[in-house]
Amino acid sequence: MSRSLLRVRDLSVEFGPAGKAVRVLDRIGFDMAAGDCIGIVGESGSGKSVMSLSLLRLIPEPPGRIVEGSVEFDGVDLLTLPASRMPDIRGKEIAMIFQEPMSALNPVMTIGEQIAEAIFLHESVDAAQRRARVLEMLQLVGIPDADKRYDSYPHEFSGGMRQRVVIAMALACNPKLLIADEPTTALDVTIQAQVLELMKRLRERYRTSILLISHDLGVIADVADRVIVMYCGRVVETAEIDDLFDRPAHPYTEGLLNSIPSRSIGQDRLYQIPGAPPAPTERGPGCAFYPRCPKRMPVCLEKSPPLFQVSETQQAACFALPAALA
Amino acid sequence: MTPAAEAAPVPSERGVLVQIAISLTRDRVSLFFLLVLIAIVLVAIFADQIAPYDPIAQSLLSINLPPSAEHWLGTDQFGRDVLSRIIYGARTSLLLGVTAPALAAVIGTAFGVIAGYFGGWIDRIIGRFLDIFLAFPALLLGILIAAALGAGFWNMVVVLTVAFAPRFARIARASTMSVRSEAFIEAAIASGLRTPSIMLHHILPNIAGSIVVVLTLWIATAVRLEATLSFLGLGTQPPKASWGNIIRDGLGNLFGSPWPIVAAGLAITLTVLAFNMLGDAVRDILDPEARDE
């Protein structure tokens, strides 16, 4: 692996007033090299979005609070950077695509202006250059008649087209890292495929690193080369995408894989992980997956399993692993 | 540079006001009231040229005359030409009617956007002050301040600005809070925009529609309040003409010579109506989604 672009260590986030705070992220850590595409998967409430937001220090404070950890980007710890420096990082170095394309655009601004705003913000270029760059971006993301569309308003676009505009905005300043938080969740499957195709193309062309957040393992398998599985605010498994599908190490990952419809063809009912994740307030000292786990053991109630090395590229947090038993 | 970019000349950005003006002329009702308003404004500006008589020249030989060829709207109890007084009154009424709400809109919106955007203790402090001001009816506050500062035009501007600003602040605050929670604000923060830019480029344009509509309503109210305060003797001081003190002066002889009151009443009504109608039209224009329909 080449030099790390992003090094996240022990990132912990709490929400709520001090004393009664609820830990939403618990000592998250991972590395990302330039050009990497990492998928983050987990169900609702697993902390995926909070994690992506806290990388850019975008979680609302209060009630949120980053209590410990470091987010080293290009050798600089973003968490110790003065807040006034963050706008220089946002959009220019690390860009973000949000979940709802329908509301991610300002309804009273033309789409051209919105993309231009991001460029103007971080680079000093004149109006003509700016327009040229915007048109180039619109063509890049596959919006036909870019010249005419420049002066269109968001409501004149369909959901898929808006998501393309959002991607164009995010890429306008050629960021090193693109965080895509459920970029295709609000889109139908054909548009989803197109948007994913677009992201893959952009990654090949500009070597942009992508952190793709999704609850859909299928989407992640399509784009990412490594996967981080999150459960209740913790990393429970990290692996190369093929290893994850072939040899899932954590019982939760196994459950997730078994719940993919195409993998349970021939069975009467789609597999479902029993139960629901515990609320952050109800978690004991043990493994958060304990109540739903088929491999649970007494030790799982006492303490939370750390990440064990399964292979050179795979780690999982489970006491039932051979690596843990040894 | 890409070929497409070379082919595309950069269009000169048409200002919002020009766009509003163009859109207004497309609708007949709006056009009518726009013309009415332009006429009133022109009358106010060129009062010196238009008015047939000096509005404060008294003549004991011609008091309480009915409309005639020499005095189109008759004369009042001092023998002053009513038409001339109405024309000069437009100047007073419009100047106040626009100045005070415009000042109030700027001040109120600034506080409202700040309160709505930041929330928390900033919002609570600004909110309490707004509550205090809003607890007074505008007219009562007007009478109080006018009584304290004394009557006169600029005191009336102060009175109405203070009375109106919290109303703009409240609208701006509520609109800002709803816009603040939109995803595009989060996206703007994530793309590196700083707070002042977000307020100016993303919040303001989205709340401008409601502010402008409220502004036109308060212009109408200001014209009315000017009339009311002048009527009560707290506003424009005689012999200077304003629509309010024309009515005040005419009240003594309502049945013998109703012309001044009717004329001034009609002038107030027409102005207020014109501003209200235009307010609605402007709101529709500023909303891109309503514009296409």
# chains A, B, ... in the order shown; residues from 1 in each chain; ligands from 1
$ interface_residues --of "chain A" --to "chain B" --cutoff "7 Å" --atoms "only C-alpha atoms" --output "list in words"
Pro87, Asp88, Ile89, Arg90, Gly91, Ala95, Met96, Ser103, Ala104, Leu105, Asn106, Val108, Ala118, Ala128, Ala132 and Leu135 of chain A
$ write_last_selection --atoms "C-alpha atoms" --output "short mmCIF file (atom, residue, chain, number, x, y, z; two decimals), in the first residue's frame"
data_model
loop_
_atom_site.label_atom_id
_atom_site.label_comp_id
_atom_site.auth_asym_id
_atom_site.auth_seq_id
_atom_site.Cartn_x
_atom_site.Cartn_y
_atom_site.Cartn_z
CA PRO A 87 -13.49 25.74 4.92
CA ASP A 88 -10.20 25.53 3.00
CA ILE A 89 -10.26 21.76 3.31
CA ARG A 90 -13.95 21.30 2.61
CA GLY A 91 -14.76 21.15 -1.06
CA ALA A 95 -15.68 16.90 -1.12
CA MET A 96 -18.90 15.32 -0.07
CA SER A 103 -32.82 18.94 -1.62
CA ALA A 104 -29.05 19.15 -1.99
CA LEU A 105 -29.35 21.99 -4.50
CA ASN A 106 -30.42 25.55 -3.77
CA VAL A 108 -33.36 29.64 -6.31
CA ALA A 118 -17.56 26.01 -5.52
CA ALA A 128 -15.41 33.16 -18.76
CA ALA A 132 -16.01 27.01 -19.29
CA LEU A 135 -19.67 23.36 -18.77
#
$ residues_around --residues "stretch 296-312 of chain A" --least-positions-apart "2" --cutoff "8 Å" --atoms "only C-alpha atoms" --output "PyMOL selection string"
chain A and resi 236-237+249+284-288+290+293-294+314-321+323-324
$ atom_distance --atom1 "atom CA of B:Ala163" --atom2 "atom CA of B:Pro137"
8.1 Å
$ select_by_dssp --residues "stretch 48-250 of chain A" --states "alpha helix (DSSP H)" --output "count of residues only"
86
$ residues_around --residues "B:Leu140" --least-positions-apart "2" --cutoff "12 Å" --atoms "only C-alpha atoms" --output "list of chain:residue names"
B:Phe133, B:Leu134, B:Ala135, B:Phe136, B:Pro137, B:Ala138, B:Gly142, B:Ile143, B:Leu144, B:Ile145, B:Ala146, B:Ala147, B:Val159, B:Leu160, B:Val162, B:Ala163, B:Leu225, B:Thr228, B:Leu229, B:Leu232, B:Leu234
$ write_last_selection --atoms "N, CA and C atoms" --output "PDB file, in the first residue's frame"
ATOM      1  N   PHE B 133     -40.706  44.121  21.616  1.00  0.00           N
ATOM      2  CA  PHE B 133     -41.199  45.089  20.643  1.00  0.00           C
ATOM      3  C   PHE B 133     -42.531  44.653  20.045  1.00  0.00           C
ATOM      4  N   LEU B 134     -42.640  43.340  19.823  1.00  0.00           N
ATOM      5  CA  LEU B 134     -43.867  42.856  19.185  1.00  0.00           C
ATOM      6  C   LEU B 134     -45.071  42.944  20.122  1.00  0.00           C
ATOM      7  N   ALA B 135     -44.796  43.034  21.417  1.00  0.00           N
ATOM      8  CA  ALA B 135     -45.895  43.102  22.371  1.00  0.00           C
ATOM      9  C   ALA B 135     -46.673  44.408  22.217  1.00  0.00           C
ATOM     10  N   PHE B 136     -45.989  45.462  21.685  1.00  0.00           N
ATOM     11  CA  PHE B 136     -46.682  46.722  21.446  1.00  0.00           C
ATOM     12  C   PHE B 136     -47.300  46.716  20.060  1.00  0.00           C
ATOM     13  N   PRO B 137     -48.551  47.135  19.930  1.00  0.00           N
ATOM     14  CA  PRO B 137     -49.086  47.324  18.586  1.00  0.00           C
ATOM     15  C   PRO B 137     -48.312  48.462  17.909  1.00  0.00           C
ATOM     16  N   ALA B 138     -48.124  48.358  16.587  1.00  0.00           N
ATOM     17  CA  ALA B 138     -47.306  49.339  15.874  1.00  0.00           C
ATOM     18  C   ALA B 138     -47.813  50.763  16.127  1.00  0.00           C
ATOM     19  N   GLY B 142     -45.931  53.741  17.927  1.00  0.00           N
ATOM     20  CA  GLY B 142     -45.763  54.973  17.160  1.00  0.00           C
ATOM     21  C   GLY B 142     -46.166  56.184  17.974  1.00  0.00           C
ATOM     22  N   ILE B 143     -47.308  56.080  18.604  1.00  0.00           N
ATOM     23  CA  ILE B 143     -47.810  57.215  19.392  1.00  0.00           C
ATOM     24  C   ILE B 143     -46.864  57.497  20.550  1.00  0.00           C
ATOM     25  N   LEU B 144     -46.392  56.439  21.196  1.00  0.00           N
ATOM     26  CA  LEU B 144     -45.493  56.600  22.339  1.00  0.00           C
ATOM     27  C   LEU B 144     -44.203  57.301  21.941  1.00  0.00           C
ATOM     28  N   ILE B 145     -43.578  56.767  20.868  1.00  0.00           N
ATOM     29  CA  ILE B 145     -42.292  57.339  20.463  1.00  0.00           C
ATOM     30  C   ILE B 145     -42.480  58.760  19.943  1.00  0.00           C
ATOM     31  N   ALA B 146     -43.567  58.961  19.168  1.00  0.00           N
ATOM     32  CA  ALA B 146     -43.815  60.303  18.645  1.00  0.00           C
ATOM     33  C   ALA B 146     -44.035  61.279  19.795  1.00  0.00           C
ATOM     34  N   ALA B 147     -44.724  60.803  20.837  1.00  0.00           N
ATOM     35  CA  ALA B 147     -44.977  61.668  21.986  1.00  0.00           C
ATOM     36  C   ALA B 147     -43.660  61.993  22.694  1.00  0.00           C
ATOM     37  N   VAL B 159     -39.899  56.076  14.290  1.00  0.00           N
ATOM     38  CA  VAL B 159     -41.018  55.370  14.913  1.00  0.00           C
ATOM     39  C   VAL B 159     -41.387  54.129  14.121  1.00  0.00           C
ATOM     40  N   LEU B 160     -41.612  54.334  12.813  1.00  0.00           N
ATOM     41  CA  LEU B 160     -42.085  53.204  12.010  1.00  0.00           C
ATOM     42  C   LEU B 160     -40.999  52.153  11.825  1.00  0.00           C
ATOM     43  N   VAL B 162     -38.641  51.357  13.963  1.00  0.00           N
ATOM     44  CA  VAL B 162     -38.588  50.592  15.209  1.00  0.00           C
ATOM     45  C   VAL B 162     -39.806  49.668  15.309  1.00  0.00           C
ATOM     46  N   ALA B 163     -40.957  50.177  14.876  1.00  0.00           N
ATOM     47  CA  ALA B 163     -42.173  49.364  14.985  1.00  0.00           C
ATOM     48  C   ALA B 163     -42.158  48.190  14.012  1.00  0.00           C
ATOM     49  N   LEU B 225     -50.292  54.304   8.310  1.00  0.00           N
ATOM     50  CA  LEU B 225     -49.913  54.800   9.637  1.00  0.00           C
ATOM     51  C   LEU B 225     -49.504  56.261   9.585  1.00  0.00           C
ATOM     52  N   THR B 228     -52.575  57.994   9.681  1.00  0.00           N
ATOM     53  CA  THR B 228     -53.163  57.922  11.028  1.00  0.00           C
ATOM     54  C   THR B 228     -52.462  58.875  11.991  1.00  0.00           C
ATOM     55  N   LEU B 229     -51.109  58.810  12.012  1.00  0.00           N
ATOM     56  CA  LEU B 229     -50.365  59.649  12.941  1.00  0.00           C
ATOM     57  C   LEU B 229     -50.563  61.128  12.614  1.00  0.00           C
ATOM     58  N   LEU B 232     -53.808  62.188  13.781  1.00  0.00           N
ATOM     59  CA  LEU B 232     -53.835  62.404  15.226  1.00  0.00           C
ATOM     60  C   LEU B 232     -52.991  63.610  15.634  1.00  0.00           C
ATOM     61  N   LEU B 234     -49.720  63.742  15.291  1.00  0.00           N
ATOM     62  CA  LEU B 234     -48.393  63.312  15.737  1.00  0.00           C
ATOM     63  C   LEU B 234     -47.433  63.137  14.572  1.00  0.00           C
TER      64      LEU B 234
END
$ atom_distance --atom1 "atom CA of B:Asp131" --atom2 "atom CA of B:Ser181"
23.7 Å
$ decode --residues "stretch 110-142 of chain B" --atoms "C-alpha atoms" --output "compact mmCIF listing (two decimals), in the first residue's frame"
# COMPACT_ATOMS: atom_id res chain seq x y z
CA ALA B 110 -30.20 41.05 9.40
CA PHE B 111 -31.21 40.23 12.97
CA GLY B 112 -33.68 37.58 11.84
CA VAL B 113 -31.18 35.76 9.64
CA ILE B 114 -28.54 35.79 12.37
CA ALA B 115 -31.01 34.51 14.97
CA GLY B 116 -32.43 31.85 12.67
CA TYR B 117 -29.08 30.68 11.35
CA PHE B 118 -27.19 30.31 14.61
CA GLY B 119 -30.05 29.40 16.89
CA GLY B 120 -29.14 28.67 20.50
CA TRP B 121 -28.45 31.55 22.88
CA ILE B 122 -28.04 34.11 20.07
CA ASP B 123 -31.55 33.27 18.93
CA ARG B 124 -32.88 33.44 22.47
CA ILE B 125 -31.43 36.89 23.13
CA ILE B 126 -32.63 38.37 19.84
CA GLY B 127 -35.94 36.57 20.27
CA ARG B 128 -36.63 38.13 23.68
CA PHE B 129 -36.00 41.63 22.30
CA LEU B 130 -38.33 40.92 19.39
CA ASP B 131 -41.01 39.73 21.80
CA ILE B 132 -40.76 42.96 23.75
CA PHE B 133 -41.20 45.09 20.64
CA LEU B 134 -43.87 42.86 19.18
CA ALA B 135 -45.90 43.10 22.37
CA PHE B 136 -46.68 46.72 21.45
CA PRO B 137 -49.09 47.32 18.59
CA ALA B 138 -47.31 49.34 15.87
CA LEU B 139 -49.68 52.27 16.27
CA LEU B 140 -49.34 52.43 20.03
CA LEU B 141 -45.55 52.24 19.78
CA GLY B 142 -45.76 54.97 17.16
